[in-house]
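Asks: Below is the file structure23.txt, with compact mmCIF, C-alpha atoms.
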```txt
# COMPACT_ATOMS: atom_id res chain seq x y z
CA MET A 1 198.49 86.92 -10.30
CA ASN A 2 200.47 88.22 -7.34
CA TYR A 3 202.90 85.42 -6.44
CA ASP A 4 203.74 87.04 -3.09
CA LEU A 5 200.06 86.76 -2.09
CA ILE A 6 199.97 83.11 -3.12
CA ARG A 7 203.00 82.37 -0.95
CA LYS A 8 201.47 84.34 1.88
CA TYR A 9 197.99 82.81 1.88
CA ASN A 10 198.58 79.29 0.57
CA VAL A 11 197.86 77.49 3.83
CA ALA A 12 195.87 74.40 4.76
CA GLY A 13 192.18 75.15 5.08
CA PRO A 14 188.65 73.71 4.74
CA ARG A 15 186.54 73.76 1.56
CA TYR A 16 183.45 74.82 3.57
CA THR A 17 180.78 72.51 2.26
CA SER A 18 179.56 72.81 5.84
CA TYR A 19 180.07 74.83 8.98
CA PRO A 20 181.29 73.66 11.38
CA THR A 21 183.60 71.56 9.23
CA VAL A 22 183.64 67.83 9.91
CA PRO A 23 186.85 67.77 12.04
CA TYR A 24 185.19 70.22 14.44
CA TRP A 25 181.98 68.34 15.03
CA ASP A 26 181.83 67.88 18.78
CA ASN A 27 178.16 67.51 19.64
CA SER A 28 176.93 64.38 17.89
CA PRO A 29 173.21 63.58 17.97
CA ASP A 30 172.09 60.04 18.72
CA ALA A 31 169.67 58.42 16.28
CA LYS A 32 166.57 59.67 18.09
CA THR A 33 167.83 63.23 18.38
CA TRP A 34 168.88 63.25 14.73
CA MET A 35 165.45 62.06 13.63
CA ASN A 36 163.82 64.81 15.70
CA LEU A 37 166.04 67.43 14.04
CA VAL A 38 165.06 66.01 10.64
CA LYS A 39 161.39 66.01 11.57
CA ASP A 40 161.43 69.63 12.74
CA THR A 41 163.04 70.83 9.52
CA PHE A 42 160.75 68.62 7.46
CA ILE A 43 157.70 70.30 8.99
CA SER A 44 158.99 73.78 8.22
CA SER A 45 160.36 73.14 4.73
CA ASN A 46 158.65 70.17 3.05
CA GLU A 47 156.14 72.37 1.24
CA SER A 48 158.96 73.76 -0.90
CA GLY A 49 160.77 70.41 -0.99
CA ILE A 50 163.66 68.38 0.41
CA SER A 51 166.89 67.02 -1.09
CA LEU A 52 168.24 63.48 -1.27
CA TYR A 53 171.86 62.50 -1.71
CA ILE A 54 172.30 58.79 -2.46
CA HIS A 55 175.83 57.40 -2.22
CA LEU A 56 176.57 54.54 -4.59
CA PRO A 57 180.11 53.55 -3.58
CA PHE A 58 181.13 50.88 -6.10
CA CYS A 59 183.89 51.35 -8.69
CA GLU A 60 185.51 48.76 -10.91
CA SER A 61 188.94 50.35 -10.42
CA LEU A 62 190.53 52.87 -8.07
CA CYS A 63 191.27 56.39 -9.33
CA THR A 64 194.28 57.32 -7.23
CA TYR A 65 193.42 61.05 -6.97
CA CYS A 66 190.01 60.26 -5.48
CA GLY A 67 189.07 61.29 -1.94
CA CYS A 68 185.63 59.66 -1.93
CA ASN A 69 184.48 56.65 0.07
CA THR A 70 184.53 53.79 -2.45
CA ARG A 71 184.37 50.02 -2.68
CA ILE A 72 186.42 48.56 -5.53
CA THR A 73 184.88 45.47 -7.13
CA VAL A 74 183.98 43.97 -10.50
CA ASN A 75 181.27 41.84 -8.91
CA HIS A 76 177.97 43.40 -9.98
CA ALA A 77 176.01 40.99 -7.83
CA VAL A 78 176.43 43.60 -5.08
CA GLU A 79 173.97 45.96 -6.80
CA LYS A 80 170.60 44.52 -5.81
CA PRO A 81 171.38 43.83 -2.11
CA TYR A 82 172.78 47.34 -1.70
CA ILE A 83 169.70 48.91 -3.30
CA GLN A 84 167.43 46.98 -0.95
CA THR A 85 169.48 48.31 1.99
CA LEU A 86 169.21 51.89 0.70
CA LEU A 87 165.44 51.57 0.42
CA LYS A 88 165.19 50.19 3.95
CA GLU A 89 167.15 53.20 5.21
CA TRP A 90 164.86 55.56 3.26
CA LYS A 91 161.79 53.85 4.75
CA MET A 92 163.11 54.58 8.25
CA TYR A 93 163.00 58.28 7.43
CA VAL A 94 159.65 58.07 5.64
CA ASP A 95 158.04 56.33 8.61
CA ASN A 96 159.06 59.24 10.84
CA PHE A 97 158.03 62.06 8.50
CA PRO A 98 154.74 63.67 9.61
CA GLY A 99 153.53 63.68 6.02
CA ARG A 100 154.47 62.62 2.50
CA PRO A 101 157.84 64.06 1.42
CA ARG A 102 158.07 66.38 -1.58
CA ILE A 103 161.39 65.85 -3.31
CA LYS A 104 163.04 68.91 -4.81
CA GLU A 105 166.42 67.42 -5.56
CA ILE A 106 168.05 64.02 -5.99
CA HIS A 107 171.74 63.54 -6.58
CA LEU A 108 173.34 60.16 -7.22
CA GLY A 109 176.99 60.28 -6.19
CA GLY A 110 179.79 57.84 -5.64
CA GLY A 111 181.79 55.90 -6.31
CA THR A 112 180.43 55.32 -9.77
CA PRO A 113 176.61 55.52 -9.92
CA THR A 114 176.73 54.15 -13.46
CA PHE A 115 178.35 51.01 -12.06
CA PHE A 116 174.68 50.04 -11.52
CA ASN A 117 172.76 48.79 -14.55
CA ALA A 118 169.67 50.62 -15.79
CA GLU A 119 167.21 48.11 -14.35
CA ASN A 120 168.67 48.31 -10.86
CA LEU A 121 168.84 52.12 -10.94
CA LYS A 122 165.15 52.14 -11.87
CA THR A 123 164.37 49.81 -8.96
CA LEU A 124 166.15 52.20 -6.61
CA LEU A 125 164.44 55.34 -7.85
CA ASP A 126 160.99 53.75 -8.12
CA GLY A 127 161.44 52.62 -4.52
CA ILE A 128 162.32 56.17 -3.46
CA MET A 129 159.37 57.74 -5.27
CA GLN A 130 156.91 55.13 -4.00
CA TYR A 131 156.73 57.14 -0.78
CA ALA A 132 157.22 60.66 -2.16
CA ASP A 133 155.86 63.33 -4.48
CA LEU A 134 157.73 65.74 -6.72
CA ALA A 135 158.16 69.36 -5.65
CA ASP A 136 157.83 72.20 -8.11
CA ASP A 137 160.88 72.77 -10.34
CA TYR A 138 162.59 69.62 -9.08
CA GLU A 139 166.09 68.86 -10.32
CA PHE A 140 167.63 65.39 -10.52
CA GLY A 141 171.29 64.80 -11.36
CA PHE A 142 173.85 62.02 -11.31
CA GLU A 143 177.57 61.45 -11.69
CA GLY A 144 178.70 59.28 -14.57
CA HIS A 145 182.02 57.72 -15.51
CA PRO A 146 182.38 58.19 -19.30
CA ASN A 147 183.69 54.62 -19.68
CA TYR A 148 180.79 53.10 -17.73
CA THR A 149 177.79 55.16 -18.79
CA LYS A 150 175.57 53.39 -21.31
CA LEU A 151 172.72 54.60 -23.48
CA GLU A 152 170.13 52.58 -21.57
CA GLN A 153 171.21 54.18 -18.28
CA LEU A 154 171.00 57.68 -19.75
CA GLN A 155 167.57 56.98 -21.26
CA MET A 156 166.10 55.33 -18.16
CA LEU A 157 167.25 58.13 -15.84
CA PHE A 158 165.92 60.73 -18.27
CA ASP A 159 162.54 58.98 -18.36
CA ILE A 160 162.37 59.15 -14.55
CA GLY A 161 163.08 62.89 -14.56
CA PHE A 162 166.86 63.36 -14.54
CA ARG A 163 168.03 66.33 -16.59
CA ARG A 164 171.53 66.88 -15.18
CA VAL A 165 174.54 64.63 -15.64
CA SER A 166 178.11 65.20 -14.50
CA PHE A 167 180.94 63.36 -16.23
CA GLY A 168 184.28 62.95 -14.48
CA VAL A 169 186.85 64.04 -17.07
CA GLN A 170 189.70 65.36 -14.87
CA ASP A 171 192.34 65.70 -17.65
CA PHE A 172 192.78 64.44 -21.21
CA ASP A 173 196.59 64.13 -21.03
CA PRO A 174 197.51 60.39 -21.34
CA LYS A 175 200.43 60.77 -18.90
CA VAL A 176 198.20 62.35 -16.27
CA GLN A 177 195.45 59.81 -16.87
CA TYR A 178 197.90 56.96 -16.43
CA ILE A 179 199.34 58.14 -13.12
CA ILE A 180 195.90 58.86 -11.63
CA HIS A 181 194.57 55.55 -13.03
CA ARG A 182 191.72 57.25 -14.88
CA GLU A 183 192.19 56.48 -18.56
CA GLN A 184 189.41 57.56 -20.92
CA SER A 185 189.54 58.98 -24.40
CA ALA A 186 188.19 62.30 -25.64
CA ALA A 187 186.13 60.27 -28.13
CA GLN A 188 184.41 58.36 -25.30
CA VAL A 189 183.63 61.59 -23.43
CA ALA A 190 182.26 63.08 -26.67
CA LEU A 191 180.10 60.01 -27.26
CA VAL A 192 178.34 60.06 -23.87
CA THR A 193 177.97 63.85 -24.02
CA LYS A 194 176.32 63.75 -27.42
CA GLU A 195 174.06 60.87 -26.40
CA ALA A 196 172.94 62.75 -23.27
CA ARG A 197 172.08 65.81 -25.32
CA ARG A 198 170.32 63.79 -27.99
CA ILE A 199 168.12 62.21 -25.33
CA GLY A 200 167.27 65.63 -23.89
CA TYR A 201 169.51 66.36 -20.89
CA THR A 202 169.54 70.12 -20.39
CA SER A 203 172.69 70.42 -18.27
CA VAL A 204 175.91 68.49 -18.84
CA ASN A 205 178.76 69.11 -16.39
CA TYR A 206 182.41 68.12 -16.66
CA ASP A 207 184.58 67.69 -13.59
CA LEU A 208 188.11 68.90 -14.28
CA ILE A 209 190.96 68.94 -11.76
CA TYR A 210 194.03 71.15 -11.65
CA GLY A 211 197.15 70.36 -9.63
CA LEU A 212 197.24 66.68 -10.58
CA PRO A 213 200.56 64.82 -10.78
CA LEU A 214 202.53 65.40 -14.02
CA GLN A 215 200.05 68.09 -15.05
CA THR A 216 201.48 71.02 -17.02
CA LYS A 217 200.24 74.18 -18.69
CA GLU A 218 200.25 72.29 -21.97
CA SER A 219 198.04 69.51 -20.59
CA ILE A 220 195.60 72.08 -19.14
CA LYS A 221 195.52 73.94 -22.46
CA ASN A 222 194.92 70.77 -24.46
CA THR A 223 192.23 69.60 -22.04
CA ILE A 224 190.35 72.90 -22.24
CA GLU A 225 190.64 72.85 -26.04
CA GLU A 226 188.92 69.45 -26.07
CA VAL A 227 186.29 70.73 -23.63
CA LYS A 228 185.58 73.80 -25.79
CA ILE A 229 184.65 71.55 -28.71
CA LEU A 230 181.89 69.84 -26.71
CA LEU A 231 180.95 72.96 -24.66
CA PRO A 232 179.35 71.40 -21.56
CA ASP A 233 176.85 73.63 -19.77
CA ARG A 234 178.78 73.59 -16.50
CA ILE A 235 182.33 72.91 -15.44
CA ALA A 236 183.66 72.15 -11.98
CA PHE A 237 187.36 73.04 -12.12
CA TYR A 238 188.58 71.68 -8.80
CA SER A 239 191.86 71.96 -6.98
CA TYR A 240 193.38 68.53 -6.42
CA ALA A 241 193.42 67.81 -2.69
CA HIS A 242 196.58 65.89 -1.84
CA VAL A 243 195.83 64.06 1.42
CA PRO A 244 197.76 60.75 1.25
CA TRP A 245 197.58 60.45 5.04
CA ILE A 246 193.81 59.98 4.55
CA LYS A 247 193.72 58.36 1.09
CA PRO A 248 196.62 55.86 0.69
CA GLY A 249 195.88 55.50 -3.03
CA GLN A 250 197.46 58.93 -3.50
CA ARG A 251 200.81 57.44 -2.51
CA ARG A 252 201.16 56.16 -6.07
CA PHE A 253 202.91 59.48 -6.67
CA THR A 254 204.94 61.85 -4.51
CA ASP A 255 205.07 65.58 -3.85
CA ASN A 256 207.78 65.79 -6.51
CA ASP A 257 205.20 64.77 -9.14
CA LEU A 258 202.84 67.60 -8.15
CA PRO A 259 202.93 71.22 -9.33
CA SER A 260 204.01 73.63 -6.57
CA GLY A 261 201.72 76.23 -5.02
CA ILE A 262 202.52 78.91 -7.60
CA GLU A 263 202.69 76.44 -10.48
CA LYS A 264 199.36 75.00 -9.39
CA ARG A 265 197.71 78.42 -9.25
CA ASN A 266 199.06 79.21 -12.70
CA LEU A 267 197.30 76.10 -14.01
CA TYR A 268 194.03 77.43 -12.61
CA GLU A 269 194.55 80.93 -13.99
CA LEU A 270 195.30 79.50 -17.43
CA GLY A 271 192.26 77.25 -17.32
CA ARG A 272 190.02 80.05 -16.11
CA ALA A 273 191.19 82.41 -18.85
CA LEU A 274 190.57 79.79 -21.53
CA LEU A 275 187.12 78.99 -20.14
CA GLU A 276 186.12 82.64 -19.95
CA GLU A 277 187.25 83.10 -23.56
CA SER A 278 184.80 80.33 -24.43
CA GLY A 279 181.84 82.06 -22.77
CA TYR A 280 181.94 80.53 -19.29
CA VAL A 281 181.32 82.64 -16.19
CA GLU A 282 183.00 81.85 -12.88
CA ILE A 283 180.44 80.85 -10.27
CA GLY A 284 181.37 80.74 -6.59
CA MET A 285 184.56 78.76 -6.00
CA ASP A 286 185.94 76.50 -8.76
CA HIS A 287 182.72 76.42 -10.81
CA PHE A 288 181.89 77.79 -14.25
CA ALA A 289 178.69 77.90 -16.25
CA LEU A 290 177.39 79.13 -19.57
CA LYS A 291 174.89 81.96 -19.28
CA SER A 292 172.19 79.62 -20.55
CA ASP A 293 172.60 77.27 -17.56
CA SER A 294 170.46 77.40 -14.42
CA LEU A 295 173.57 77.66 -12.22
CA PHE A 296 174.41 81.03 -13.80
CA LYS A 297 170.84 82.19 -13.31
CA ALA A 298 170.88 81.13 -9.64
CA SER A 299 174.15 82.98 -9.12
CA SER A 300 172.87 86.12 -10.85
CA GLU A 301 169.70 86.12 -8.74
CA LYS A 302 171.63 85.29 -5.55
CA ASN A 303 169.78 82.00 -5.14
CA LEU A 304 172.93 79.89 -5.20
CA HIS A 305 173.25 77.38 -2.38
CA ARG A 306 176.13 75.21 -1.17
CA ASN A 307 176.06 71.95 0.75
CA PHE A 308 177.78 68.58 0.79
CA MET A 309 176.87 68.13 -2.89
CA GLY A 310 178.68 71.36 -3.80
CA TYR A 311 176.90 74.30 -5.44
CA THR A 312 173.23 73.83 -6.22
CA THR A 313 170.34 75.92 -7.50
CA ASN A 314 168.03 74.54 -4.81
CA ASP A 315 168.14 76.19 -1.40
CA THR A 316 166.57 73.32 0.50
CA LYS A 317 166.91 73.23 4.27
CA LEU A 318 166.70 69.45 4.60
CA LEU A 319 169.15 67.08 2.93
CA ILE A 320 168.76 63.38 3.62
CA GLY A 321 171.91 61.35 3.00
CA LEU A 322 171.38 57.70 2.14
CA GLY A 323 174.08 55.08 1.81
CA VAL A 324 177.43 54.27 3.34
CA SER A 325 179.38 57.38 4.49
CA SER A 326 176.72 59.84 3.25
CA ILE A 327 176.02 63.00 5.25
CA GLY A 328 172.62 64.44 6.10
CA ASP A 329 171.95 68.10 6.87
CA SER A 330 168.90 69.34 8.77
CA TRP A 331 170.31 72.91 8.76
CA THR A 332 170.40 72.74 12.56
CA GLY A 333 172.45 69.56 12.58
CA PHE A 334 174.58 67.10 10.61
CA ALA A 335 174.79 63.32 10.73
CA GLN A 336 177.13 61.02 8.82
CA ASN A 337 176.54 57.35 8.13
CA VAL A 338 179.17 54.80 9.02
CA LYS A 339 181.99 54.50 6.49
CA VAL A 340 182.53 50.75 6.62
CA PHE A 341 180.29 49.03 4.09
CA GLU A 342 179.57 45.88 6.11
CA GLN A 343 178.76 47.90 9.22
CA TYR A 344 176.33 50.08 7.27
CA VAL A 345 174.45 47.06 5.93
CA LYS A 346 174.37 45.37 9.33
CA LEU A 347 172.89 48.41 11.08
CA VAL A 348 170.21 49.07 8.48
CA GLU A 349 169.21 45.41 8.36
CA ALA A 350 168.78 45.61 12.14
CA GLY A 351 166.43 48.58 11.74
CA THR A 352 168.91 51.10 13.15
CA LEU A 353 169.80 54.41 11.57
CA PRO A 354 173.44 53.89 10.52
CA ILE A 355 174.78 57.25 11.71
CA PHE A 356 178.00 57.30 13.72
CA LYS A 357 178.86 60.97 14.14
CA GLY A 358 177.45 64.40 13.56
CA HIS A 359 176.94 67.79 15.12
CA ILE A 360 174.09 69.82 16.57
CA LEU A 361 174.68 73.46 15.69
CA THR A 362 174.73 76.07 18.43
CA PRO A 363 173.21 79.54 17.84
CA GLU A 364 176.77 80.80 17.25
CA ASP A 365 177.36 78.02 14.70
CA LEU A 366 174.18 78.92 12.83
CA TYR A 367 175.12 82.58 12.71
CA LEU A 368 178.58 81.89 11.34
CA ARG A 369 177.27 79.22 8.99
CA GLN A 370 175.12 81.79 7.21
CA HIS A 371 177.98 84.26 6.85
CA ILE A 372 180.31 81.60 5.44
CA LEU A 373 177.58 80.40 3.08
CA ASN A 374 177.03 83.99 1.88
CA ILE A 375 180.73 84.42 1.16
CA MET A 376 181.09 81.06 -0.61
CA CYS A 377 178.03 81.65 -2.80
CA HIS A 378 177.93 85.43 -3.32
CA PHE A 379 181.41 86.72 -2.32
CA GLU A 380 179.82 89.03 0.24
CA THR A 381 177.92 89.05 3.50
CA GLU A 382 176.02 91.56 5.62
CA TRP A 383 175.25 92.05 9.28
CA SER A 384 173.53 94.39 11.67
CA GLU A 385 175.11 96.03 14.68
CA ALA A 386 172.11 94.73 16.61
CA ASP A 387 172.91 91.08 15.85
CA GLU A 388 173.10 88.97 18.98
CA HIS A 389 176.41 87.44 17.91
CA ILE A 390 177.96 90.52 16.30
CA GLY A 391 181.12 89.95 18.35
CA LEU A 392 181.91 86.98 16.11
CA VAL A 393 181.89 89.30 13.09
CA TYR A 394 184.16 91.81 14.85
CA ALA A 395 186.63 89.02 15.58
CA ALA A 396 186.56 87.91 11.94
CA LEU A 397 187.09 91.46 10.66
CA GLU A 398 190.08 91.85 12.92
CA ARG A 399 191.60 88.69 11.43
CA LEU A 400 190.88 90.04 7.93
CA GLU A 401 192.63 93.39 8.34
CA GLU A 402 195.75 92.21 6.53
CA MET A 403 193.74 90.73 3.66
CA GLU A 404 191.89 94.02 3.34
CA SER A 405 195.20 95.90 3.26
CA ASP A 406 196.28 93.55 0.47
CA GLY A 407 193.20 94.55 -1.55
CA LEU A 408 191.48 91.17 -1.28
CA LEU A 409 188.27 92.46 0.32
CA LYS A 410 186.42 95.61 1.34
CA SER A 411 184.47 96.07 4.54
CA THR A 412 182.05 98.71 5.79
CA SER A 413 180.06 99.00 9.00
CA GLY A 414 177.60 96.36 7.80
CA ASN A 415 179.06 94.64 4.76
CA LEU A 416 182.03 92.63 3.55
CA THR A 417 182.71 92.15 -0.17
CA VAL A 418 185.46 90.01 -1.66
CA THR A 419 187.24 91.79 -4.53
CA GLU A 420 188.10 90.20 -7.88
CA ASP A 421 191.67 89.64 -6.67
CA GLY A 422 190.34 88.19 -3.45
CA LYS A 423 188.19 85.50 -5.08
CA ALA A 424 191.28 83.32 -5.42
CA PHE A 425 191.51 83.37 -1.62
CA ILE A 426 187.85 82.86 -0.75
CA ARG A 427 188.63 79.92 1.54
CA ASN A 428 191.03 82.14 3.51
CA VAL A 429 188.29 84.75 3.93
CA CYS A 430 185.92 82.10 5.27
CA MET A 431 188.59 80.85 7.64
CA ALA A 432 188.52 84.23 9.40
CA PHE A 433 184.87 83.56 10.30
CA ASP A 434 185.63 80.01 11.44
CA ALA A 435 185.58 80.54 15.20
CA ARG A 436 186.06 76.85 15.90
CA LEU A 437 189.20 76.72 13.77
CA TRP A 438 190.68 79.69 15.64
CA GLU A 439 189.68 78.29 19.00
CA LYS A 440 191.53 75.05 18.32
CA GLN A 441 194.10 74.86 15.55
CA PRO A 442 194.52 71.32 14.15
CA GLU A 443 197.45 69.42 15.58
CA SER A 444 197.93 67.35 12.41
CA LEU A 445 197.33 67.61 8.66
CA ILE A 446 193.58 67.43 8.02
CA PHE A 447 192.98 69.98 5.24
CA SER A 448 194.33 70.54 1.74
CA SER A 449 195.97 73.83 0.65
CA THR A 450 193.68 76.80 0.03
CA VAL A 451 195.32 77.99 -3.19
```
Please render this file's structure as structure tokens.
Replies:
Amino acid sequence: MNYDLIRKYNVAGPRYTSYPTVPYWDNSPDAKTWMNLVKDTFISSNESGISLYIHLPFCESLCTYCGCNTRITVNHAVEKPYIQTLLKEWKMYVDNFPGRPRIKEIHLGGGTPTFFNAENLKTLLDGIMQYADLADDYEFGFEGHPNYTKLEQLQMLFDIGFRRVSFGVQDFDPKVQYIIHREQSAAQVALVTKEARRIGYTSVNYDLIYGLPLQTKESIKNTIEEVKILLPDRIAFYSYAHVPWIKPGQRRFTDNDLPSGIEKRNLYELGRALLEESGYVEIGMDHFALKSDSLFKASSEKNLHRNFMGYTTNDTKLLIGLGVSSIGDSWTGFAQNVKVFEQYVKLVEAGTLPIFKGHILTPEDLYLRQHILNIMCHFETEWSEADEHIGLVYAALERLEEMESDGLLKSTSGNLTVTEDGKAFIRNVCMAFDARLWEKQPESLIFSSTV
């Protein structure tokens, strides 16, 4: 790894789960306009299927590294009322669909989805499917906390059709677990992994994070050694995003507890090398999969897609977000639900879509969105000199001249390809295409570091 390049390109930048990125949304749809955008995309894409993201925000304790929208409570009486609110929100969409939805993908995120008991999760999913059919090759997945995932939850979700589960592991080092307030044993992770496989889950993912406070090469090595024993089908090896100005829980530790830019990148390079030795293939940014997993197949066949749920094998054009703070994507627009729990419930109970901000994409946005998506998923993109918005590509290529001189990418008259060395800087490459970012540089800290 070239340390000079890390110093040079380690700047604050977006993760590009969307374009435009959330801080640059400036054309919010009202509820009626948003529903019309959803309806238009539904008409054109429902035959192949739509996606649902359902945000279940509750956690019994706060993990201090976490950047998600959560509600900390040990009161499980909140489960049933929240599920009824989710189903009322879903019914608002269903009533406006010009036909019965075909669901291609469901993802339960959080928070801790396995905070909810098996019976209540079944009530939620039965309520969703009451008004929907299954699309061909559908894929259902959920996030589980190893300490709060029980056999009956795994079995019930499997019976409904879930075949993917993602366990938040982060790091097995006790010192790291203590400071991030996420203490779980390797034995507990092994137990839920083996139970999931015994039941029949075909894809088990582990979330790992590098750059955490007190993390060292030794802790990364020991964590990967534990992971290699259980050999999950997928691994998301994320960079820790230190944004204490947004998430106060991260103030439990200071910058002095965190590995520096070069130290942090070394943790990733070590982890990647150990994973590749174990048969994993790097997919997109920060993701790895065994060759037997569908994510590897999607990447090989260039069917990989990326949205607010991360990388997915399903290239659906319509994503409905249900729950507090969730984000919907109609391809031509975005809409985010309110982040305050009580406000979300109040709006839905009043029969109002609980969105509070979003963005309607311009033709320029749509053009750049596709290029950024191509780069994030396939490390390359193409264009034609006849493209209506080709000037946006020229501007991006001009910004990328130095990166090309540094051997991080190659460009021709109609193609850009990120090199192996350049994959570490994929977010920087995308930033060159981010016209809105260049038009207005942020005046305060809003993004984490790119490396």
Asks: Select from region 308-407 of chain A every residue with an atom at most 7 Å from any atom of region 40-57 of chain A, then for each give the shortest pair of atoms and their distance in Å to one decimal, using only C-alpha atoms, rows by chain and rising number, as a tab-separated table.
Replies:
```
residue	atom	partner	partner_atom	distance
A:Thr316	CA	A:Ile50	CA	5.7
A:Lys317	CA	A:Ser45	CA	6.6
A:Leu318	CA	A:Ile50	CA	5.3
A:Leu319	CA	A:Ser51	CA	4.6
A:Ile320	CA	A:Leu52	CA	4.9
A:Gly321	CA	A:Tyr53	CA	4.8
A:Leu322	CA	A:Ile54	CA	4.8
A:Gly323	CA	A:His55	CA	5.0
A:Val324	CA	A:His55	CA	6.6
A:Ser326	CA	A:His55	CA	6.1
A:Ser330	CA	A:Thr41	CA	6.1
```
Asks: Nearest residue to Tyr210 (chain A) out of A:Leu400, A:Ile224, A:Ile375, A:Met156, using all atoms listed in the file?
Replies: A:Ile224
Asks: Excluding Glu152 (chain A) and residues on its chain fewer than 5 positions from it, collect all residues at most 10 Å away from it, counting all atoms listed in the file, and give them as a PyMOL selection string.
Replies: chain A and resi 117-119+157-158
Asks: Out of A:Thr112, A:Tyr24, A:Ile360, A:Ser166, which residue has the shortest atom-to-atom distance to Glu439 (chain A) when counting all atoms listed in the file?
Replies: A:Tyr24
Asks: So, with only C-alpha atoms as the atoms that count, which of A:Pro354, A:Gly407, A:Gly414, A:Pro363 lies closest to Trp90 (chain A)?
Replies: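 Checking each of A:Pro354, A:Gly407, A:Gly414, A:Pro363 against Trp90 (chain A), counting only C-alpha atoms, the winner is A:Pro354.
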Asks: For a cutoff of 12 Å around the file-coordinate point (183.3, 69.5, 8.6), which residues qualify once you count only C-alpha atoms? I'd like the result as a PyMOL selection string.
Replies: chain A and resi 13-26+307-308+327+329+333-336+357-359+361+369+434+436-437+446-447
Asks: Go through region 240-286 of chain A and flag each residue having an atom no more than 10 Å from region 175-189 of chain A; for those, report the closest pair of atoms plus their distance in Å to one decimal, using all atoms listed in the file, ordered by chain and rising number, as JSON lines.
Replies:
```
{"residue": "A:Gly249", "atom": "CA", "partner": "A:Ile180", "partner_atom": "CA", "distance": 9.2}
{"residue": "A:Gln250", "atom": "CA", "partner": "A:Ile180", "partner_atom": "CA", "distance": 8.3}
{"residue": "A:Arg252", "atom": "CA", "partner": "A:Ile179", "partner_atom": "CA", "distance": 7.5}
{"residue": "A:Phe253", "atom": "CA", "partner": "A:Ile179", "partner_atom": "CA", "distance": 7.5}
{"residue": "A:Asp257", "atom": "CA", "partner": "A:Ile179", "partner_atom": "CA", "distance": 9.7}
```
Asks: What's the 12 Å shell around Arg399 (chain A), counting all atoms listed in the file, without same-chain residues fewer than 6 positions away, as an NGL selection string?
Replies: :A and (392-393 or 405 or 428-435 or 438)
Asks: Sorted by chain and rising residue number, which residues of region 160-223 of chain A lie within 9 Å of region 284-300 of chain A, and what are their closest atom pairs and distances in Å to one decimal, counting all atoms listed in the file, as JSON lines?
Replies:
```
{"residue": "A:Thr202", "atom": "CA", "partner": "A:Asp293", "partner_atom": "CA", "distance": 8.3}
{"residue": "A:Ser203", "atom": "CA", "partner": "A:Asp293", "partner_atom": "CA", "distance": 6.9}
{"residue": "A:Asn205", "atom": "CA", "partner": "A:Ala289", "partner_atom": "CA", "distance": 8.8}
```
Asks: Which residue is closest to Glu385 (chain A)? Choose from A:Gln370, A:Ser413, A:Asn96, A:Thr362 and count all atoms listed in the file.
Replies: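 Looking at the shortest contact to Glu385 (chain A), the residue is A:Ser413.
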Asks: Separation of CA of Arg272 (chain A) and CA of Phe237 (chain A), in Å?
Replies: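 Interatomic distance here is 8.5 Å.
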Asks: Counting all atoms listed in the file, which residue out of A:Val38, A:Ala350, A:Leu258, A:Leu231 sits closest to Ser278 (chain A)?
Replies: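 Among A:Val38, A:Ala350, A:Leu258, A:Leu231, it is A:Leu231 that comes nearest to Ser278 (chain A).
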Asks: Report, in Å with one decimal, the straight-line distance from CA of Lys339 (chain A) to CA of Thr352 (chain A).
Replies: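 Answer for the CA of Lys339 (chain A) to CA of Thr352 (chain A) separation: 15.1 Å.
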